[in-house]
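J.: As input, take structure_30.csv (CSV, C-alpha atoms):
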chain,number,residue,atom,x,y,z
A,1,MET,CA,-48.4,-66.1,-70.0
A,2,SER,CA,-50.7,-67.7,-72.5
A,3,GLN,CA,-50.4,-68.7,-76.2
A,4,ALA,CA,-53.0,-70.1,-78.5
A,5,PHE,CA,-52.6,-72.4,-81.5
A,6,ALA,CA,-55.0,-71.4,-84.3
A,7,SER,CA,-56.5,-73.8,-86.8
A,8,SER,CA,-55.1,-71.6,-89.6
A,9,ALA,CA,-51.6,-72.8,-88.6
A,10,ALA,CA,-52.7,-76.3,-89.8
A,11,PRO,CA,-54.6,-75.4,-93.0
A,12,ASN,CA,-54.9,-78.9,-94.2
A,13,MET,CA,-55.8,-80.4,-90.9
A,14,SER,CA,-59.2,-80.9,-89.2
A,15,SER,CA,-60.3,-79.0,-86.1
A,16,LEU,CA,-59.7,-82.2,-84.2
A,17,LYS,CA,-56.1,-82.4,-85.3
A,18,THR,CA,-55.8,-78.7,-84.4
A,19,VAL,CA,-56.8,-79.5,-80.8
A,20,GLU,CA,-54.4,-82.4,-80.7
A,21,LEU,CA,-51.5,-80.2,-82.0
A,22,ALA,CA,-52.3,-77.6,-79.3
A,23,VAL,CA,-52.2,-80.2,-76.6
A,24,HIS,CA,-49.1,-81.9,-78.0
A,25,ASN,CA,-47.2,-78.7,-78.2
A,26,ASP,CA,-48.2,-77.4,-74.7
A,27,PHE,CA,-50.3,-74.5,-75.8
A,28,ASP,CA,-52.7,-72.9,-73.3
A,29,ALA,CA,-55.4,-72.2,-75.7
A,30,VAL,CA,-56.8,-73.1,-79.2
A,31,GLN,CA,-58.6,-70.9,-81.7
A,32,LEU,CA,-61.0,-72.7,-84.0
A,33,PHE,CA,-62.5,-71.1,-87.0
A,34,ILE,CA,-66.2,-71.9,-87.4
A,35,ASN,CA,-66.2,-73.6,-90.8
A,36,PRO,CA,-69.0,-75.2,-92.7
A,37,LEU,CA,-68.3,-78.6,-91.3
A,38,LEU,CA,-68.6,-77.4,-87.7
A,39,ILE,CA,-71.8,-75.6,-88.7
A,40,ASN,CA,-73.5,-78.4,-90.6
A,41,ASN,CA,-72.3,-81.6,-88.9
A,42,ALA,CA,-73.6,-82.2,-85.4
A,43,GLU,CA,-71.6,-85.4,-85.0
A,44,HIS,CA,-68.4,-83.6,-85.9
A,45,ARG,CA,-69.2,-80.8,-83.4
A,46,ALA,CA,-69.7,-83.4,-80.7
A,47,GLU,CA,-66.4,-85.0,-81.5
A,48,ILE,CA,-64.6,-81.6,-81.1
A,49,VAL,CA,-66.4,-80.8,-77.9
A,50,SER,CA,-65.4,-84.2,-76.5
A,51,ALA,CA,-61.8,-83.7,-77.4
A,52,LEU,CA,-61.8,-80.2,-75.9
A,53,ASN,CA,-63.5,-81.3,-72.7
A,54,ALA,CA,-60.6,-83.7,-72.1
A,55,THR,CA,-58.3,-80.7,-71.9
A,56,GLU,CA,-57.8,-77.5,-69.9
A,57,LEU,CA,-57.5,-75.4,-73.1
A,58,ILE,CA,-59.0,-72.0,-73.3
A,59,VAL,CA,-61.2,-72.1,-76.5
A,60,VAL,CA,-61.4,-69.1,-78.8
A,61,LEU,CA,-64.2,-69.6,-81.4
A,62,HIS,CA,-63.6,-67.4,-84.4
A,63,LEU,CA,-67.1,-66.9,-86.0
A,64,SER,CA,-67.2,-66.6,-89.7
A,65,GLY,CA,-68.7,-63.2,-90.0
A,66,LEU,CA,-71.8,-61.0,-89.8
A,67,ASP,CA,-74.4,-59.7,-92.2
A,68,PRO,CA,-72.9,-56.3,-93.2
A,69,GLU,CA,-76.3,-54.7,-93.1
A,70,THR,CA,-78.0,-56.3,-90.0
A,71,PHE,CA,-74.8,-57.2,-88.0
A,72,GLN,CA,-76.5,-60.6,-87.4
A,73,LEU,CA,-74.9,-64.1,-87.4
A,74,ASP,CA,-76.2,-66.6,-89.8
A,75,LEU,CA,-78.9,-68.6,-87.9
A,76,LYS,CA,-77.3,-72.0,-88.6
A,77,GLU,CA,-74.0,-70.8,-87.3
A,78,ARG,CA,-75.5,-69.3,-84.2
A,79,VAL,CA,-77.2,-72.6,-83.4
A,80,ALA,CA,-74.0,-74.5,-83.9
A,81,VAL,CA,-71.9,-72.1,-81.8
A,82,GLU,CA,-74.4,-72.0,-79.0
A,83,SER,CA,-74.6,-75.8,-78.9
A,84,MET,CA,-70.8,-76.1,-78.7
A,85,ILE,CA,-70.5,-73.5,-75.9
A,86,SER,CA,-73.3,-75.0,-73.9
A,87,SER,CA,-71.5,-78.4,-74.0
A,88,LEU,CA,-68.0,-77.2,-73.3
A,89,LYS,CA,-66.6,-77.1,-69.8
A,90,ASN,CA,-63.6,-75.0,-71.0
A,91,LYS,CA,-63.4,-71.2,-70.8
A,92,VAL,CA,-64.8,-70.1,-74.2
A,93,VAL,CA,-64.3,-66.7,-75.9
A,94,PRO,CA,-66.4,-66.2,-79.1
A,95,LEU,CA,-65.2,-63.4,-81.4
A,96,VAL,CA,-66.0,-61.9,-84.7
A,97,HIS,CA,-64.7,-59.2,-87.1
A,98,TYR,CA,-66.0,-55.7,-86.4
A,99,ILE,CA,-68.1,-54.1,-89.1
A,100,GLU,CA,-68.0,-50.4,-89.6
A,101,GLY,CA,-71.0,-48.7,-88.1
A,102,MET,CA,-71.5,-51.2,-85.3
A,103,GLY,CA,-72.9,-49.9,-82.0
A,104,ILE,CA,-73.4,-51.5,-78.7
A,105,SER,CA,-76.8,-52.9,-79.6
A,106,ASP,CA,-75.3,-54.5,-82.7
A,107,ILE,CA,-72.7,-56.6,-81.0
A,108,PRO,CA,-73.9,-60.3,-81.3
A,109,VAL,CA,-74.8,-62.2,-78.2
A,110,VAL,CA,-74.3,-66.0,-78.0
A,111,ASN,CA,-75.4,-67.9,-74.9
A,112,ASP,CA,-76.1,-64.6,-73.1
A,113,GLN,CA,-72.5,-63.5,-73.8
A,114,ARG,CA,-71.4,-60.6,-76.0
A,115,VAL,CA,-68.8,-61.7,-78.5
A,116,GLY,CA,-65.4,-60.1,-78.7
A,117,LEU,CA,-64.5,-57.9,-81.6
A,118,GLU,CA,-61.4,-57.9,-83.9
A,119,ASN,CA,-60.4,-55.0,-86.1
A,120,SER,CA,-61.1,-56.0,-89.7
A,121,LYS,CA,-59.9,-53.3,-92.1
A,122,THR,CA,-56.8,-54.5,-93.9
A,123,GLY,CA,-54.1,-53.5,-96.3
A,124,ILE,CA,-53.9,-49.9,-95.2
A,125,PHE,CA,-52.8,-47.9,-92.1
A,126,ASP,CA,-56.0,-46.8,-90.5
A,127,MET,CA,-55.5,-46.1,-86.9
A,128,GLU,CA,-59.0,-44.5,-86.5
A,129,HIS,CA,-60.5,-47.9,-87.4
A,130,ILE,CA,-58.6,-49.7,-84.7
A,131,GLN,CA,-59.4,-47.0,-82.2
A,132,ARG,CA,-63.1,-47.3,-82.9
A,133,VAL,CA,-63.1,-51.0,-82.3
A,134,GLN,CA,-61.1,-50.7,-79.1
A,135,ASP,CA,-63.2,-47.9,-77.8
A,136,LEU,CA,-66.4,-49.9,-78.4
A,137,CYS,CA,-65.0,-53.0,-76.7
A,138,ASN,CA,-63.8,-51.0,-73.7
A,139,GLU,CA,-67.1,-49.3,-73.4
A,140,VAL,CA,-69.0,-52.6,-72.9
A,141,LYS,CA,-66.1,-54.5,-71.4
A,142,ILE,CA,-65.7,-57.2,-74.0
A,143,PRO,CA,-62.5,-58.6,-75.4
A,144,PHE,CA,-60.7,-56.5,-78.0
A,145,VAL,CA,-58.7,-58.7,-80.4
A,146,LEU,CA,-55.9,-56.7,-81.9
A,147,ASP,CA,-54.6,-57.8,-85.3
A,148,PHE,CA,-52.1,-55.1,-86.1
A,149,GLU,CA,-50.7,-57.0,-89.0
A,150,ARG,CA,-53.6,-55.7,-91.0
A,151,ILE,CA,-52.2,-52.1,-90.9
A,152,LEU,CA,-48.5,-52.8,-91.5
A,153,TYR,CA,-48.6,-51.4,-95.0
A,154,THR,CA,-46.8,-48.4,-96.4
A,155,HIS,CA,-44.6,-47.1,-99.2
A,156,SER,CA,-43.3,-44.2,-97.0
A,157,GLU,CA,-40.4,-44.4,-94.6
A,158,SER,CA,-41.8,-41.5,-92.5
A,159,GLU,CA,-45.1,-43.3,-92.2
A,160,LYS,CA,-43.4,-46.4,-90.9
A,161,VAL,CA,-42.4,-44.3,-87.9
A,162,SER,CA,-46.0,-43.4,-87.3
A,163,ILE,CA,-47.2,-46.9,-87.7
A,164,ILE,CA,-44.6,-48.4,-85.4
A,165,GLY,CA,-45.4,-45.8,-82.7
A,166,PHE,CA,-49.1,-46.3,-83.0
A,167,VAL,CA,-48.8,-50.1,-82.7
A,168,LYS,CA,-46.6,-49.8,-79.7
A,169,ARG,CA,-49.1,-47.6,-77.9
A,170,VAL,CA,-52.1,-49.8,-78.7
A,171,VAL,CA,-50.4,-53.0,-77.6
A,172,ASP,CA,-49.3,-51.3,-74.4
A,173,SER,CA,-53.0,-50.2,-73.8
A,174,LEU,CA,-54.4,-53.7,-74.0
A,175,ASP,CA,-55.9,-55.3,-70.9
A,176,PRO,CA,-54.2,-58.7,-70.5
A,177,ASP,CA,-57.1,-59.9,-68.4
A,178,ILE,CA,-59.6,-59.7,-71.3
A,179,ASP,CA,-58.0,-58.5,-74.5
A,180,MET,CA,-56.1,-60.8,-77.0
A,181,LEU,CA,-53.5,-60.4,-79.7
A,182,HIS,CA,-53.5,-62.0,-83.1
A,183,LEU,CA,-49.9,-62.4,-84.1
A,184,ARG,CA,-47.7,-63.6,-87.0
A,185,ASP,CA,-44.8,-61.9,-88.7
A,186,LYS,CA,-43.9,-60.8,-92.2
A,187,THR,CA,-40.8,-59.3,-94.0
A,188,SER,CA,-42.5,-56.8,-96.3
A,189,TRP,CA,-44.3,-53.5,-95.7
A,190,LEU,CA,-46.0,-53.9,-99.1
A,191,LEU,CA,-47.1,-57.5,-99.2
A,192,PRO,CA,-49.6,-59.4,-97.0
A,193,SER,CA,-48.5,-62.0,-94.5
A,194,ARG,CA,-49.5,-64.8,-96.8
A,195,LYS,CA,-46.9,-63.7,-99.3
A,196,SER,CA,-44.1,-62.6,-97.0
A,197,ALA,CA,-44.5,-64.7,-93.8
A,198,CYS,CA,-41.6,-65.4,-91.5
A,199,ALA,CA,-41.3,-66.6,-88.0
A,200,TYR,CA,-41.6,-64.1,-85.2
A,201,PRO,CA,-39.6,-61.9,-84.5
A,202,GLU,CA,-37.6,-62.2,-87.7
A,203,GLY,CA,-39.6,-59.6,-89.6
A,204,ILE,CA,-41.3,-56.3,-89.0
A,205,ASN,CA,-42.5,-57.4,-85.6
A,206,LYS,CA,-39.0,-57.1,-84.2
A,207,ASN,CA,-40.1,-53.5,-83.7
A,208,PHE,CA,-42.7,-54.6,-81.1
A,209,THR,CA,-41.0,-57.3,-79.1
A,210,GLU,CA,-40.9,-55.3,-75.9
A,211,GLU,CA,-44.6,-54.5,-76.0
A,212,ILE,CA,-45.6,-58.0,-77.0
A,213,SER,CA,-43.5,-59.5,-74.3
A,214,ARG,CA,-45.0,-57.2,-71.7
A,215,PHE,CA,-48.5,-58.2,-72.7
A,216,HIS,CA,-47.6,-61.9,-72.8
A,217,LYS,CA,-45.8,-61.8,-69.4
A,218,SER,CA,-48.8,-60.0,-67.9
A,219,GLY,CA,-51.0,-62.9,-68.7
A,220,GLY,CA,-52.3,-61.7,-72.1
A,221,LEU,CA,-53.4,-64.3,-74.7
A,222,VAL,CA,-51.3,-64.3,-77.9
A,223,ILE,CA,-53.0,-66.2,-80.7
A,224,TRP,CA,-50.6,-67.3,-83.5
A,225,GLU,CA,-52.4,-67.0,-86.9
A,226,PHE,CA,-49.8,-68.3,-89.2
A,227,GLU,CA,-50.7,-70.7,-92.0
A,228,ASN,CA,-47.6,-72.7,-91.4
A,229,LEU,CA,-47.0,-75.1,-88.5
A,230,GLU,CA,-43.2,-74.7,-88.4
A,231,GLN,CA,-43.4,-70.9,-88.2
A,232,THR,CA,-46.0,-71.2,-85.5
A,233,LEU,CA,-43.9,-73.4,-83.3
A,234,LYS,CA,-40.7,-71.4,-83.9
A,235,SER,CA,-42.5,-68.2,-83.1
A,236,SER,CA,-44.1,-69.6,-79.9
A,237,LYS,CA,-40.7,-70.7,-78.6
A,238,SER,CA,-39.2,-67.3,-79.3
A,239,LEU,CA,-41.9,-65.5,-77.4
A,240,ALA,CA,-41.7,-68.0,-74.5
A,241,HIS,CA,-38.0,-67.2,-74.1
A,242,GLU,CA,-38.2,-63.4,-74.2
Now, as a test, write the supplied structure out as structure tokens.

T.:
Amino acid sequence: MSQAFASSAAPNMSSLKTVELAVHNDFDAVQLFINPLLINNAEHRAEIVSALNATELIVVLHLSGLDPETFQLDLKERVAVESMISSLKNKVVPLVHYIEGMGISDIPVVNDQRVGLENSKTGIFDMEHIQRVQDLCNEVKIPFVLDFERILYTHSESEKVSIIGFVKRVVDSLDPDIDMLHLRDKTSWLLPSRKSACAYPEGINKNFTEEISRFHKSGGLVIWEFENLEQTLKSSKSLAHE
């Protein structure tokens, strides 16, 4: 069973503080978003690497994005990420949002390692998009990072049934040895998480507690992507006690 504390959960705090919070609250992993400070400040990167190397945390490095035409990482970001990975003793999993049209040869490689891919289309129920990302990841045996909150949108009661069934099937199909789950919760089928956030499983995600718990108990990594520390910690405790 593994849970990760994401830097989004501490929006006004530094990456260093995020690592400290992860350790203090007994998380197994930390997800750091590669922000301009990490990209441009070698001294800051060294400070983060030193802090991480003093822990046993799994490190998920969420890259900022790819050029939509070339599928390439920004060169400065690539250099920064590769320097961090080469200096870390921790297990490191780099990941990036999938871009429509990507093929095997388009998946970025950092330090001789293909990055994991996260579904990226948001605000609409698009199961074909999620399936394309998962199929590509499975084909090359890289982490598939499922963020199903991106498709929890509908005006239709009948479509809710389809969405719930689809999410249940996809979560159950995840490989806990390699795949990851981005998780938060919300109360509204019409609003994004930022505008209707609640602690897990007090919202829509109560529909998926059995599947999420199975994934977690099988060793799968659940990454909390709230923008609120209290909701993150409350959700983490709820999952741990399922």

J.: Using all atoms listed in the file, give me every residue within 12 Å of (-56.4, -60.0, -97.8) in file coordinates, as a list of chain:residue names.

T.: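 Those residues lying close to the given coordinates are A:Ser120, A:Lys121, A:Thr122, A:Gly123, A:Ile124, A:Glu149, A:Arg150, A:Ile151, A:Tyr153, A:Leu191, A:Pro192, A:Ser193, A:Arg194, A:Lys195.
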
J.: Using all atoms listed in the file for the distances, tell me which of A:Glu118, A:Glu56, A:Asp177, A:Glu225 is nearest to Val23 (chain A).

T.: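 Nearest to Val23 (chain A): A:Glu56.
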
J.: How far is it from CA of Val93 (chain A) to CA of Glu211 (chain A), in Å with one decimal?

T.: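 It comes out at 23.2 Å.
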
J.: Select, from A:Asp135, A:Asp112, A:Asp28, A:Glu157, the residue with the minimum atom-to-atom distance to Leu174 (chain A), counting all atoms listed in the file.

T.: A:Asp135

J.: Measure the distance from CA of Gln113 (chain A) to CA of Leu63 (chain A) in Å and round it to one decimal.

T.: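 So the two atoms, CA of Gln113 (chain A) and CA of Leu63 (chain A), lie 13.8 Å apart.
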
J.: Name all residues at most 10 Å from Ser14 (chain A) (count only C-alpha atoms; drop same-chain ones fewer than 6 positions away) and give them as a PyMOL selection string.

T.: chain A and resi 7+20+32+37+48

J.: Any idea what's packed within 8 Å of Val110 (chain A), counting only C-alpha atoms, ignoring anything in its chain fewer than 5 positions away? Could you give it as a PyMOL selection string?

T.: chain A and resi 78+81-82+94+115

J.: For the residues selected in the previous step, produce a file with C-alpha atoms as a PDB file, keeping the file's coordinate frame.

T.:
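Generated file (part-v2.pdb):
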ATOM      1  CA  ARG A  78     -75.500 -69.300 -84.200  1.00  0.00           C
ATOM      2  CA  VAL A  81     -71.900 -72.100 -81.800  1.00  0.00           C
ATOM      3  CA  GLU A  82     -74.400 -72.000 -79.000  1.00  0.00           C
ATOM      4  CA  PRO A  94     -66.400 -66.200 -79.100  1.00  0.00           C
ATOM      5  CA  VAL A 115     -68.800 -61.700 -78.500  1.00  0.00           C
TER       6      VAL A 115
END

J.: Point out the residue among A:Val92, A:Ile99, A:Ala199, A:Leu152 with the least atom-to-atom distance to Glu230 (chain A), counting all atoms listed in the file.

T.: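 Smallest separation from Glu230 (chain A) among the options: A:Ala199.
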
J.: Just checking: using all atoms listed in the file, which residue out of A:Phe71, A:Tyr98, A:Phe215, A:Trp189 ends up closest to Lys168 (chain A)?

T.: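 Closest to Lys168 (chain A) of all the choices is A:Phe215.
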
J.: Do you have the CA of Leu183 (chain A)-CA of Leu146 (chain A) distance handy?

T.: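 Calculated distance between CA of Leu183 (chain A) and CA of Leu146 (chain A) is 8.6 Å.
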
J.: I want to know what sits within 7 Å of region 140-142 of chain A, based on only C-alpha atoms, with residues of the same chain fewer than 2 positions away left out; could you give that as a VMD selection string?

T.: chain A and resid 114 116 136 to 138 144

J.: Which residues, written as an MDAnalysis selection string, have at least one atom at most 12 Å from Lys17 (chain A), with all atoms listed in the file counted and residues fewer than 5 positions away on the same chain left out?

T.: chainID A and resid 5:12 22:25 30 32 47:48 51:52

J.: So, counting all atoms listed in the file, which residue among A:Asn228, A:Thr55, A:Lys234, A:Glu100 is closest to Glu202 (chain A)?

T.: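 Closest to Glu202 (chain A), using all atoms listed in the file: A:Lys234.
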
J.: Might you pull out every residue within 10 Å of Asn53 (chain A), with all atoms listed in the file counted and same-chain residues fewer than 6 positions away left off, and present them as a PyMOL selection string?

T.: chain A and resi 47+87-90

J.: Any chance you could export the current selection's C-alpha atoms as an mmCIF file, in the coordinates of the input?

T.:
data_model
loop_
_atom_site.group_PDB
_atom_site.id
_atom_site.type_symbol
_atom_site.label_atom_id
_atom_site.label_comp_id
_atom_site.auth_asym_id
_atom_site.auth_seq_id
_atom_site.Cartn_x
_atom_site.Cartn_y
_atom_site.Cartn_z
ATOM 1 C CA GLU A 47 -66.400 -85.000 -81.500
ATOM 2 C CA SER A 87 -71.500 -78.400 -74.000
ATOM 3 C CA LEU A 88 -68.000 -77.200 -73.300
ATOM 4 C CA LYS A 89 -66.600 -77.100 -69.800
ATOM 5 C CA ASN A 90 -63.600 -75.000 -71.000
#

J.: For a quick check of understanding, using all atoms listed in the file, which of A:Asn40, A:Gln31, A:Gln3, A:Ser188 has the smallest distance to Ser15 (chain A)?

T.: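 Residue with the minimum atom-to-atom distance to Ser15 (chain A): A:Gln31.
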